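File shown: input_33.csv. Contents: CSV, C-alpha atoms (C1' of nucleotides).
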chain,number,residue,atom,x,y,z
Z,108,MET,CA,48.0,-15.6,-11.6
Z,109,SER,CA,50.0,-14.2,-8.7
Z,110,ALA,CA,49.4,-14.8,-5.0
Z,111,GLU,CA,48.3,-11.2,-4.7
Z,112,ASP,CA,45.6,-11.7,-7.4
Z,113,ASN,CA,44.3,-14.8,-5.6
Z,114,LEU,CA,44.1,-12.9,-2.3
Z,115,LEU,CA,42.3,-10.1,-4.1
Z,116,LYS,CA,39.7,-12.5,-5.6
Z,117,LEU,CA,39.1,-14.0,-2.2
Z,118,VAL,CA,38.5,-10.7,-0.6
Z,119,GLU,CA,36.1,-9.7,-3.3
Z,120,ALA,CA,34.2,-12.9,-3.0
Z,121,GLU,CA,33.6,-12.3,0.7
Z,122,GLU,CA,32.9,-8.6,0.5
Z,123,PRO,CA,31.2,-7.8,-2.8
Z,124,ASP,CA,32.2,-4.7,-4.6
Z,125,GLU,CA,30.1,-1.8,-3.4
Z,126,ASN,CA,29.6,-0.7,-7.0
Z,127,ASP,CA,28.0,-4.0,-7.8
Z,128,TYR,CA,24.6,-3.7,-6.1
Z,129,ARG,CA,21.8,-4.9,-8.4
Z,130,LEU,CA,18.4,-3.7,-7.3
Z,131,GLN,CA,16.6,-6.0,-9.7
Z,132,GLU,CA,18.1,-9.1,-8.0
Z,133,GLN,CA,17.2,-8.2,-4.4
Z,134,VAL,CA,14.6,-10.3,-2.8
Z,135,GLY,CA,12.6,-7.3,-1.6
Z,136,PHE,CA,12.3,-5.7,-5.0
Z,137,ILE,CA,11.2,-9.0,-6.7
Z,138,LEU,CA,8.8,-9.7,-3.8
Z,139,ARG,CA,7.2,-6.4,-4.4
Z,140,LYS,CA,6.8,-7.0,-8.1
Z,141,ALA,CA,5.4,-10.5,-7.5
Z,142,HIS,CA,2.9,-9.1,-5.1
Z,143,GLN,CA,1.9,-6.4,-7.6
Z,144,ARG,CA,1.4,-9.0,-10.3
Z,145,HIS,CA,-0.8,-11.1,-8.0
Z,146,VAL,CA,-2.9,-8.1,-7.1
Z,147,SER,CA,-3.3,-7.3,-10.8
Z,148,ILE,CA,-4.5,-10.8,-11.5
Z,149,PHE,CA,-6.8,-10.6,-8.6
Z,150,ALA,CA,-8.4,-7.4,-9.9
Z,151,ALA,CA,-8.9,-9.0,-13.3
Z,152,HIS,CA,-10.9,-11.8,-11.8
Z,153,ILE,CA,-12.6,-10.0,-8.9
Z,154,GLY,CA,-13.1,-6.4,-9.8
Z,155,ASP,CA,-15.4,-5.3,-7.0
Z,156,LEU,CA,-13.3,-6.5,-4.0
Z,157,THR,CA,-9.7,-6.1,-3.0
Z,158,PRO,CA,-7.5,-8.9,-1.7
Z,159,PRO,CA,-7.7,-7.7,1.9
Z,160,GLN,CA,-11.4,-7.4,1.7
Z,161,PHE,CA,-11.6,-10.9,0.3
Z,162,ALA,CA,-9.3,-12.2,3.0
Z,163,ALA,CA,-11.6,-10.7,5.7
Z,164,LEU,CA,-14.7,-12.4,4.2
Z,165,ALA,CA,-12.9,-15.7,3.7
Z,166,LYS,CA,-11.6,-15.8,7.2
Z,167,LEU,CA,-15.0,-14.9,8.7
Z,168,ARG,CA,-16.4,-17.8,6.8
Z,169,ASP,CA,-13.8,-20.0,8.5
Z,170,VAL,CA,-14.1,-18.8,12.0
Z,171,GLY,CA,-17.5,-17.2,12.3
Z,172,GLU,CA,-18.1,-14.2,14.5
Z,173,THR,CA,-14.9,-12.7,15.9
Z,174,SER,CA,-13.6,-9.4,17.3
Z,175,GLN,CA,-12.2,-6.9,14.8
Z,176,ASN,CA,-8.8,-7.1,16.3
Z,177,GLN,CA,-8.8,-10.9,16.4
Z,178,LEU,CA,-9.8,-11.0,12.7
Z,179,GLY,CA,-6.9,-8.6,12.0
Z,180,THR,CA,-4.5,-11.0,13.6
Z,181,LEU,CA,-5.8,-13.9,11.6
Z,182,ILE,CA,-5.4,-12.1,8.3
Z,183,ALA,CA,-2.2,-10.2,9.2
Z,184,MET,CA,-3.5,-6.7,9.4
Z,185,ASP,CA,-2.9,-4.2,12.1
Z,186,ALA,CA,-5.8,-2.6,14.0
Z,187,ALA,CA,-5.9,0.6,11.9
Z,188,THR,CA,-5.9,-1.2,8.6
Z,189,VAL,CA,-8.5,-3.8,9.5
Z,190,LYS,CA,-10.8,-1.1,10.7
Z,191,GLY,CA,-10.8,0.5,7.3
Z,192,VAL,CA,-11.4,-2.8,5.6
Z,193,ILE,CA,-14.3,-3.8,7.8
Z,194,ASP,CA,-15.8,-0.3,7.6
Z,195,ARG,CA,-16.0,-0.6,3.8
Z,196,LEU,CA,-17.4,-4.2,4.0
Z,197,LYS,CA,-20.0,-3.0,6.4
Z,198,ALA,CA,-21.0,-0.1,4.2
Z,199,ARG,CA,-21.6,-2.6,1.4
Z,200,GLY,CA,-23.7,-4.8,3.7
Z,201,LEU,CA,-21.3,-7.8,3.5
Z,202,VAL,CA,-20.5,-7.8,7.3
Z,203,GLU,CA,-22.4,-6.7,10.4
Z,204,LEU,CA,-21.0,-5.3,13.6
Z,205,SER,CA,-22.2,-5.8,17.2
Z,206,LYS,CA,-20.9,-5.2,20.7
Z,207,HIS,CA,-19.5,-8.0,22.8
Z,208,GLU,CA,-22.0,-8.5,25.7
Z,209,ILE,CA,-19.4,-9.1,28.4
Z,210,ASP,CA,-16.2,-7.3,27.2
Z,211,LYS,CA,-17.4,-3.9,26.2
Z,212,ARG,CA,-14.1,-3.1,24.4
Z,213,ARG,CA,-14.7,-5.6,21.7
Z,214,LEU,CA,-16.4,-5.0,18.4
Z,215,LEU,CA,-17.8,-8.3,17.0
Z,216,VAL,CA,-17.8,-8.8,13.2
Z,217,ASN,CA,-19.8,-11.4,11.3
Z,218,LEU,CA,-20.9,-12.1,7.7
Z,219,THR,CA,-24.3,-11.0,6.7
Z,220,ALA,CA,-26.4,-13.4,4.5
Z,221,GLN,CA,-25.3,-11.3,1.6
Z,222,GLY,CA,-21.6,-11.5,2.7
Z,223,ARG,CA,-21.9,-15.3,2.9
Z,224,ASP,CA,-23.4,-15.5,-0.5
Z,225,ALA,CA,-20.6,-13.3,-1.9
Z,226,ILE,CA,-17.7,-15.3,-0.4
Z,227,GLU,CA,-19.2,-18.6,-1.5
Z,228,ARG,CA,-19.6,-17.2,-5.0
Z,229,LEU,CA,-16.0,-15.8,-5.1
Z,230,ILE,CA,-14.1,-18.8,-3.8
Z,231,PRO,CA,-14.1,-20.5,-7.2
Z,232,LEU,CA,-12.7,-17.4,-8.7
Z,233,ALA,CA,-10.1,-17.2,-6.0
Z,234,ARG,CA,-8.9,-20.7,-7.0
Z,235,GLU,CA,-8.5,-19.4,-10.5
Z,236,ILE,CA,-6.5,-16.5,-9.2
Z,237,THR,CA,-4.1,-18.7,-7.3
Z,238,GLU,CA,-3.8,-20.9,-10.4
Z,239,GLU,CA,-3.0,-18.0,-12.7
Z,240,THR,CA,-0.6,-16.5,-10.3
Z,241,LEU,CA,1.4,-19.7,-10.2
Z,242,ALA,CA,1.0,-20.4,-13.9
Z,243,PRO,CA,4.7,-19.6,-14.7
Z,244,LEU,CA,5.7,-22.5,-12.6
Z,245,THR,CA,5.4,-26.3,-13.1
Z,246,ALA,CA,3.6,-28.4,-10.5
Z,247,LYS,CA,6.9,-29.5,-8.9
Z,248,GLU,CA,8.1,-25.9,-8.8
Z,249,ILE,CA,4.9,-24.7,-7.2
Z,250,ALA,CA,5.3,-27.3,-4.4
Z,251,ILE,CA,8.9,-26.2,-3.8
Z,252,PHE,CA,8.1,-22.5,-4.1
Z,253,MET,CA,5.2,-22.6,-1.7
Z,254,LYS,CA,7.2,-24.4,0.9
Z,255,LEU,CA,10.1,-21.9,0.7
Z,256,LEU,CA,7.7,-18.8,0.5
Z,257,ALA,CA,5.9,-20.0,3.7
Z,258,LYS,CA,9.3,-20.2,5.4
Z,259,LEU,CA,9.9,-16.6,4.5
Z,260,ALA,CA,6.5,-15.2,5.5
G,112,MET,CA,-12.9,-50.0,-2.2
G,113,SER,CA,-15.8,-50.0,-4.7
G,114,ALA,CA,-15.6,-48.6,-8.2
G,115,GLU,CA,-17.9,-45.9,-7.2
G,116,ASP,CA,-15.6,-44.9,-4.4
G,117,ASN,CA,-12.7,-44.6,-6.8
G,118,LEU,CA,-14.7,-42.5,-9.2
G,119,LEU,CA,-15.7,-40.2,-6.3
G,120,LYS,CA,-12.1,-39.8,-5.3
G,121,LEU,CA,-11.1,-38.9,-8.8
G,122,VAL,CA,-13.8,-36.3,-9.1
G,123,GLU,CA,-12.8,-34.8,-5.8
G,124,ALA,CA,-9.2,-34.6,-6.8
G,125,GLU,CA,-10.0,-32.7,-9.9
G,126,GLU,CA,-12.6,-30.4,-8.4
G,127,PRO,CA,-11.8,-29.7,-4.7
G,128,ASP,CA,-14.6,-29.3,-2.3
G,129,GLU,CA,-15.8,-25.8,-2.1
G,130,ASN,CA,-15.8,-25.9,1.7
G,131,ASP,CA,-12.1,-26.5,1.7
G,132,TYR,CA,-10.6,-23.2,0.8
G,133,ARG,CA,-7.7,-22.3,3.0
G,134,LEU,CA,-6.8,-18.7,2.8
G,135,GLN,CA,-3.5,-19.2,4.7
G,136,GLU,CA,-2.2,-21.5,1.9
G,137,GLN,CA,-3.0,-19.2,-1.0
G,138,VAL,CA,0.0,-17.8,-2.8
G,139,GLY,CA,-1.4,-14.3,-2.7
G,140,PHE,CA,-1.9,-14.3,1.0
G,141,ILE,CA,1.5,-15.6,1.8
G,142,LEU,CA,3.1,-13.3,-0.8
G,143,ARG,CA,1.5,-10.3,1.0
G,144,LYS,CA,2.8,-11.6,4.4
G,145,ALA,CA,6.4,-12.2,3.0
G,146,HIS,CA,6.4,-8.7,1.6
G,147,GLN,CA,5.2,-7.2,4.9
G,148,ARG,CA,8.0,-9.0,6.7
G,149,HIS,CA,10.5,-7.7,4.3
G,150,VAL,CA,9.3,-4.1,4.7
G,151,SER,CA,9.5,-4.5,8.4
G,152,ILE,CA,13.1,-5.7,8.2
G,153,PHE,CA,13.9,-2.8,5.9
G,154,ALA,CA,12.5,-0.3,8.3
G,155,ALA,CA,14.5,-1.7,11.1
G,156,HIS,CA,17.7,-1.2,9.2
G,157,ILE,CA,16.9,2.0,7.2
G,158,GLY,CA,14.5,4.0,9.2
G,159,ASP,CA,14.5,7.3,7.3
G,160,LEU,CA,13.8,5.9,3.8
G,161,THR,CA,11.1,3.6,2.4
G,162,PRO,CA,11.9,0.7,0.1
G,163,PRO,CA,10.4,2.6,-2.9
G,164,GLN,CA,12.5,5.6,-2.1
G,165,PHE,CA,15.6,3.5,-1.8
G,166,ALA,CA,14.8,1.8,-5.1
G,167,ALA,CA,14.5,5.2,-6.8
G,168,LEU,CA,17.9,6.3,-5.5
G,169,ALA,CA,19.6,3.0,-6.3
G,170,LYS,CA,18.3,3.0,-9.8
G,171,LEU,CA,19.3,6.6,-10.4
G,172,ARG,CA,22.8,5.6,-9.3
G,173,ASP,CA,22.7,2.8,-11.9
G,174,VAL,CA,21.4,4.7,-14.9
G,175,GLY,CA,22.1,8.4,-14.1
G,176,GLU,CA,19.7,11.1,-15.2
G,177,THR,CA,16.4,9.8,-16.6
G,178,SER,CA,12.9,11.0,-17.0
G,179,GLN,CA,10.5,10.5,-14.1
G,180,ASN,CA,8.3,8.1,-16.2
G,181,GLN,CA,11.3,6.1,-17.4
G,182,LEU,CA,12.5,5.8,-13.8
G,183,GLY,CA,9.1,4.5,-12.8
G,184,THR,CA,9.3,1.8,-15.4
G,185,LEU,CA,12.7,0.7,-14.2
G,186,ILE,CA,11.5,0.4,-10.6
G,187,ALA,CA,8.0,-0.9,-11.4
G,188,MET,CA,6.0,2.1,-10.3
G,189,ASP,CA,3.2,3.8,-12.2
G,190,ALA,CA,3.3,7.4,-13.0
G,191,ALA,CA,1.2,8.6,-10.1
G,192,THR,CA,3.2,6.6,-7.6
G,193,VAL,CA,6.6,7.6,-8.8
G,194,LYS,CA,5.6,11.3,-8.8
G,195,GLY,CA,5.0,11.1,-5.0
G,196,VAL,CA,8.2,9.2,-4.3
G,197,ILE,CA,10.3,11.7,-6.3
G,198,ASP,CA,8.5,14.7,-4.8
G,199,ARG,CA,9.5,13.5,-1.3
G,200,LEU,CA,13.1,12.8,-2.3
G,201,LYS,CA,13.3,16.2,-3.9
G,202,ALA,CA,11.9,17.8,-0.7
G,203,ARG,CA,14.8,16.2,1.2
G,204,GLY,CA,17.4,17.3,-1.3
G,205,LEU,CA,18.3,13.8,-2.5
G,206,VAL,CA,17.3,14.3,-6.1
G,207,GLU,CA,17.0,17.3,-8.4
G,208,LEU,CA,14.6,17.9,-11.3
G,209,SER,CA,15.1,19.6,-14.6
G,210,LYS,CA,13.3,20.0,-17.9
G,211,HIS,CA,14.4,18.1,-20.9
G,212,GLU,CA,15.8,20.5,-23.4
G,213,ILE,CA,14.3,18.9,-26.6
G,214,ASP,CA,11.2,17.0,-25.4
G,215,LYS,CA,9.3,19.5,-23.3
G,216,ARG,CA,7.0,16.8,-21.8
G,217,ARG,CA,9.8,15.1,-19.9
G,218,LEU,CA,10.9,15.8,-16.4
G,219,LEU,CA,14.5,14.7,-15.8
G,220,VAL,CA,15.5,13.3,-12.4
G,221,ASN,CA,19.0,13.0,-11.1
G,222,LEU,CA,20.8,12.4,-7.8
G,223,THR,CA,22.2,15.4,-5.9
G,224,ALA,CA,25.6,15.1,-4.3
G,225,GLN,CA,23.8,14.5,-1.1
G,226,GLY,CA,21.6,11.8,-2.7
G,227,ARG,CA,24.7,10.1,-4.1
G,228,ASP,CA,26.3,10.1,-0.7
G,229,ALA,CA,23.1,8.7,0.9
G,230,ILE,CA,22.7,5.8,-1.6
G,231,GLU,CA,26.4,4.8,-1.3
G,232,ARG,CA,26.1,4.8,2.5
G,233,LEU,CA,22.9,2.8,2.4
G,234,ILE,CA,23.9,0.0,0.0
G,235,PRO,CA,25.8,-1.9,2.6
G,236,LEU,CA,22.7,-1.8,4.9
G,237,ALA,CA,20.6,-3.0,1.9
G,238,ARG,CA,22.8,-6.0,1.6
G,239,GLU,CA,22.1,-6.8,5.3
G,240,ILE,CA,18.4,-6.4,4.7
G,241,THR,CA,18.5,-8.9,1.8
G,242,GLU,CA,20.5,-11.3,4.0
G,243,GLU,CA,18.1,-11.0,6.9
G,244,THR,CA,15.1,-11.4,4.8
G,245,LEU,CA,16.5,-14.6,3.3
G,246,ALA,CA,17.8,-15.8,6.7
G,247,PRO,CA,15.1,-18.5,7.2
G,248,LEU,CA,16.5,-20.3,4.1
G,249,THR,CA,19.7,-22.2,3.5
G,250,ALA,CA,22.0,-21.1,0.7
G,251,LYS,CA,20.7,-23.8,-1.6
G,252,GLU,CA,17.1,-22.9,-0.8
G,253,ILE,CA,17.9,-19.2,-1.5
G,254,ALA,CA,19.2,-20.0,-5.0
G,255,ILE,CA,16.1,-22.0,-5.8
G,256,PHE,CA,13.7,-19.6,-4.3
G,257,MET,CA,15.1,-16.6,-6.1
G,258,LYS,CA,14.9,-18.4,-9.4
G,259,LEU,CA,11.3,-19.3,-8.9
G,260,LEU,CA,10.3,-15.9,-7.5
G,261,ALA,CA,11.8,-14.2,-10.5
G,262,LYS,CA,9.7,-16.4,-12.7
G,263,LEU,CA,6.6,-15.2,-10.9
G,264,ALA,CA,7.4,-11.5,-10.9
H,47,DT,C1',-9.4,-3.2,46.5
H,48,DT,C1',-6.6,-0.3,44.1
H,49,DG,C1',-2.9,1.0,41.2
H,50,DA,C1',-0.1,-0.6,37.3
H,51,DT,C1',-0.5,-3.1,32.9
H,52,DA,C1',-2.5,-4.8,29.1
H,53,DT,C1',-6.0,-5.1,25.5
H,54,DC,C1',-9.4,-3.3,22.1
H,55,DA,C1',-10.6,0.2,19.2
H,56,DT,C1',-10.2,4.7,17.1
H,57,DT,C1',-8.0,8.6,15.1
H,58,DT,C1',-4.3,11.2,12.8
H,59,DG,C1',-0.6,11.5,9.7
H,60,DC,C1',2.3,9.8,6.2
H,61,DA,C1',3.6,6.8,2.3
H,62,DT,C1',2.7,3.6,-1.3
H,63,DA,C1',-0.4,1.9,-5.2
H,64,DC,C1',-3.4,2.3,-9.0
H,65,DG,C1',-7.5,3.5,-12.1
H,66,DA,C1',-9.3,7.3,-14.5
H,67,DA,C1',-9.4,11.8,-16.3
H,68,DT,C1',-6.9,15.7,-18.1
H,69,DG,C1',-3.6,18.5,-20.6
H,70,DA,C1',0.6,19.3,-23.1
H,71,DA,C1',3.9,17.8,-26.3
H,72,DT,C1',5.5,14.4,-29.6
H,73,DT,C1',5.2,10.8,-33.1
H,74,DT,C1',2.8,8.2,-36.4
H,75,DT,C1',0.1,7.8,-40.3
H,76,DG,C1',-3.0,8.5,-44.0
M,83,DC,C1',1.0,18.5,-44.0
M,84,DA,C1',-2.9,17.5,-40.8
M,85,DA,C1',-5.5,14.3,-38.1
M,86,DA,C1',-5.0,10.5,-35.0
M,87,DA,C1',-2.6,8.1,-31.8
M,88,DT,C1',0.9,8.0,-28.3
M,89,DT,C1',3.7,9.6,-24.6
M,90,DC,C1',4.8,12.3,-20.3
M,91,DA,C1',3.2,14.2,-16.5
M,92,DT,C1',-0.3,15.8,-13.1
M,93,DT,C1',-4.4,15.4,-10.4
M,94,DC,C1',-8.2,13.2,-8.0
M,95,DG,C1',-10.3,9.5,-5.6
M,96,DT,C1',-10.0,5.2,-3.2
M,97,DA,C1',-7.7,1.6,-0.6
M,98,DT,C1',-4.1,-0.5,1.9
M,99,DG,C1',-0.3,-0.3,5.6
M,100,DC,C1',1.8,1.2,9.7
M,101,DA,C1',3.5,4.3,13.7
M,102,DA,C1',2.0,6.9,17.4
M,103,DA,C1',-1.3,9.0,20.4
M,104,DT,C1',-5.6,8.5,22.9
M,105,DG,C1',-9.5,6.7,25.4
M,106,DA,C1',-12.2,3.0,27.3
M,107,DT,C1',-12.3,-1.3,29.4
M,108,DA,C1',-10.3,-5.4,31.5
M,109,DT,C1',-6.9,-7.9,34.0
M,110,DC,C1',-3.1,-8.5,37.1
M,111,DA,C1',-0.6,-7.8,41.3
M,112,DA,C1',0.7,-5.8,45.5

In structure tokens, write the structure found in this file.
Amino acid sequence: MSAEDNLLKLVEAEEPDENDYRLQEQVGFILRKAHQRHVSIFAAHIGDLTPPQFAALAKLRDVGETSQNQLGTLIAMDAATVKGVIDRLKARGLVELSKHEIDKRRLLVNLTAQGRDAIERLIPLAREITEETLAPLTAKEIAIFMKLLAKLA
Amino acid sequence: MSAEDNLLKLVEAEEPDENDYRLQEQVGFILRKAHQRHVSIFAAHIGDLTPPQFAALAKLRDVGETSQNQLGTLIAMDAATVKGVIDRLKARGLVELSKHEIDKRRLLVNLTAQGRDAIERLIPLAREITEETLAPLTAKEIAIFMKLLAKLA
DNA sequence: TTGATATCATTTGCATACGAATGAATTTTG
DNA sequence: CAAAATTCATTCGTATGCAAATGATATCAA
């Protein structure tokens, strides 16, 4: 191989050929597919609630009454998104809303008795969902994957 | 420690306490956050196109003219979703549609000259997006992560 | 205290994402 | 061949997800 060939190879290694972009190998594309698969598994186990709705109930169970915005922060939803989620949970009687006594801007959210029953009943199913989502990996791989995924998120 | 204590520990290990469900540690929740972060990085680099729109253009560049449904399969979008994406790309002159001569059900999609220019121009930015998304990981971690993520998706 | 800022919530507009229903065209099968 | 099943595309309804604009309230600072 000539010196020119070696130089060419080096350049290609540093700056990949523009023609060689493989969508299927990009992290964003695979992340989107993995997320889709998870949502599909979720729907198969819990048909009458979406993952965001479940997240809201699960977090309210953790922290008790909070403001809508604060809840949004805890479950990684912006104000506009969390409003829709809470509205739908309220319409189904799973959460109740009240005004903050002191700070009149805040809208407090809390579980109803029915909402508490629902989340307690659903948590075992949620464990199964996590398990099934991770089923393609071994226990060791799961440990590694979760650590790295957390770093990315 | 008594024999009873050991038995108790064993049972707890197999069937975790129901009170101890941590949303923040569930794979679905973190997957959703990682995906959100990626979309945000994407938007910062490529403001005038969404990841699904980019995926459609990139895949058309790979495979050339295809039917709308086939394209959807290739980029993991159902028929209803891909229609919206293609409609918007068409409205912007980045793709063109035509009828399949033989199979009258099919709607063929292809890049326009403008669409081809756009995707060629954007691919280098997409490389940066992938890089930035993976920036919290070392090279070795990236290799491991991508292998495991692909298994999950 | 008051004027500038910041926070909480809502609304609008746009873009995925998918289930379900529908209709048209093609393929399979009995 | 003819009926049944499948495929391709569209439409509708519902649910995130986020940017931007708005209004109400609260906090900070001069």

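Considering all atoms listed in the file, the residue among G:Leu160, G:Ile240, G:Val174, G:Ala166 positioned nearest to Arg199 of chain G is G:Leu160.
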
Find the residues of chain H in contact range of chain G, meaning any atom within 9 Å when counting all atoms listed in the file, and list them as a list in words.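 Those within range of chain G come out as DA61, DT62, DA63, DC64, DA70, DA71 and DT72 of chain H.
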
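One distance worth recording is that between atom CA of Arg172 of chain G and atom CA of Leu219 of chain G, which is 13.9 Å.
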
Calculate how many Å separate atom C1' of DG49 of chain H from atom C1' of DA112 of chain M, rounding to one decimal.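 Atom C1' of DG49 of chain H sits 8.8 Å away from atom C1' of DA112 of chain M.
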
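Atom CA of Phe256 of chain G is positioned 12.8 Å from atom CA of Leu142 of chain G.
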
Residues of chain Z within 7 Å of chain G, counting all atoms listed in the file, what are they? List them as a VMD selection string. chain Z and resid 130 133 to 135 137 to 142 144 to 145 162 165 237 241 243 252 255 257 to 260

With all atoms listed in the file as the atoms that count, which of M:DC83, M:DC110, M:DA97, M:DC90 lies nearest to Ser178 of chain G?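 Answer, going by the shortest atom-to-atom distance: M:DC90.
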
Listed atoms of segment 54-62 of chain H boxed along x, y and z, 3 Å each side, centre and edge lengths in Å, one decimal, as JSON:
{"center_x": -3.5, "center_y": 4.1, "center_z": 10.4, "size_x": 20.2, "size_y": 20.8, "size_z": 29.4}

Set the distance at 12 Å and use all atoms listed in the file: which residues neighbour DT58 of chain H once local chain neighbours fewer than 5 positions away are removed? I'd like the list as a PyMOL selection string. (chain Z and resi 187) or (chain M and resi 101-104)

Select, as a list in words, those residues of chain M with any atom no more than 10 Å from chain G (distances computed using only C-alpha atoms (C1' of nucleotides)). DT89, DC90, DA91, DT92, DT93, DG99 and DC100 of chain M

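Across M:DA87, M:DG95, M:DG105, M:DA111, the tightest approach to DA55 of chain H is made by M:DG105 when counting all atoms listed in the file.
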
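Shell of DA67 of chain H at 10 Å, with only C-alpha atoms (C1' of nucleotides) counted and residues fewer than 2 places along the chain excluded, is DG65 and DG69 of chain H; DT93 and DC94 of chain M.
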
Excluding Gly226 of chain G and residues on its chain fewer than 6 positions from it, collect all residues at most 10 Å away from it, counting only C-alpha atoms (C1' of nucleotides), and give them as a PyMOL selection string. chain G and resi 168-169+171-172+200-201+203-207+232
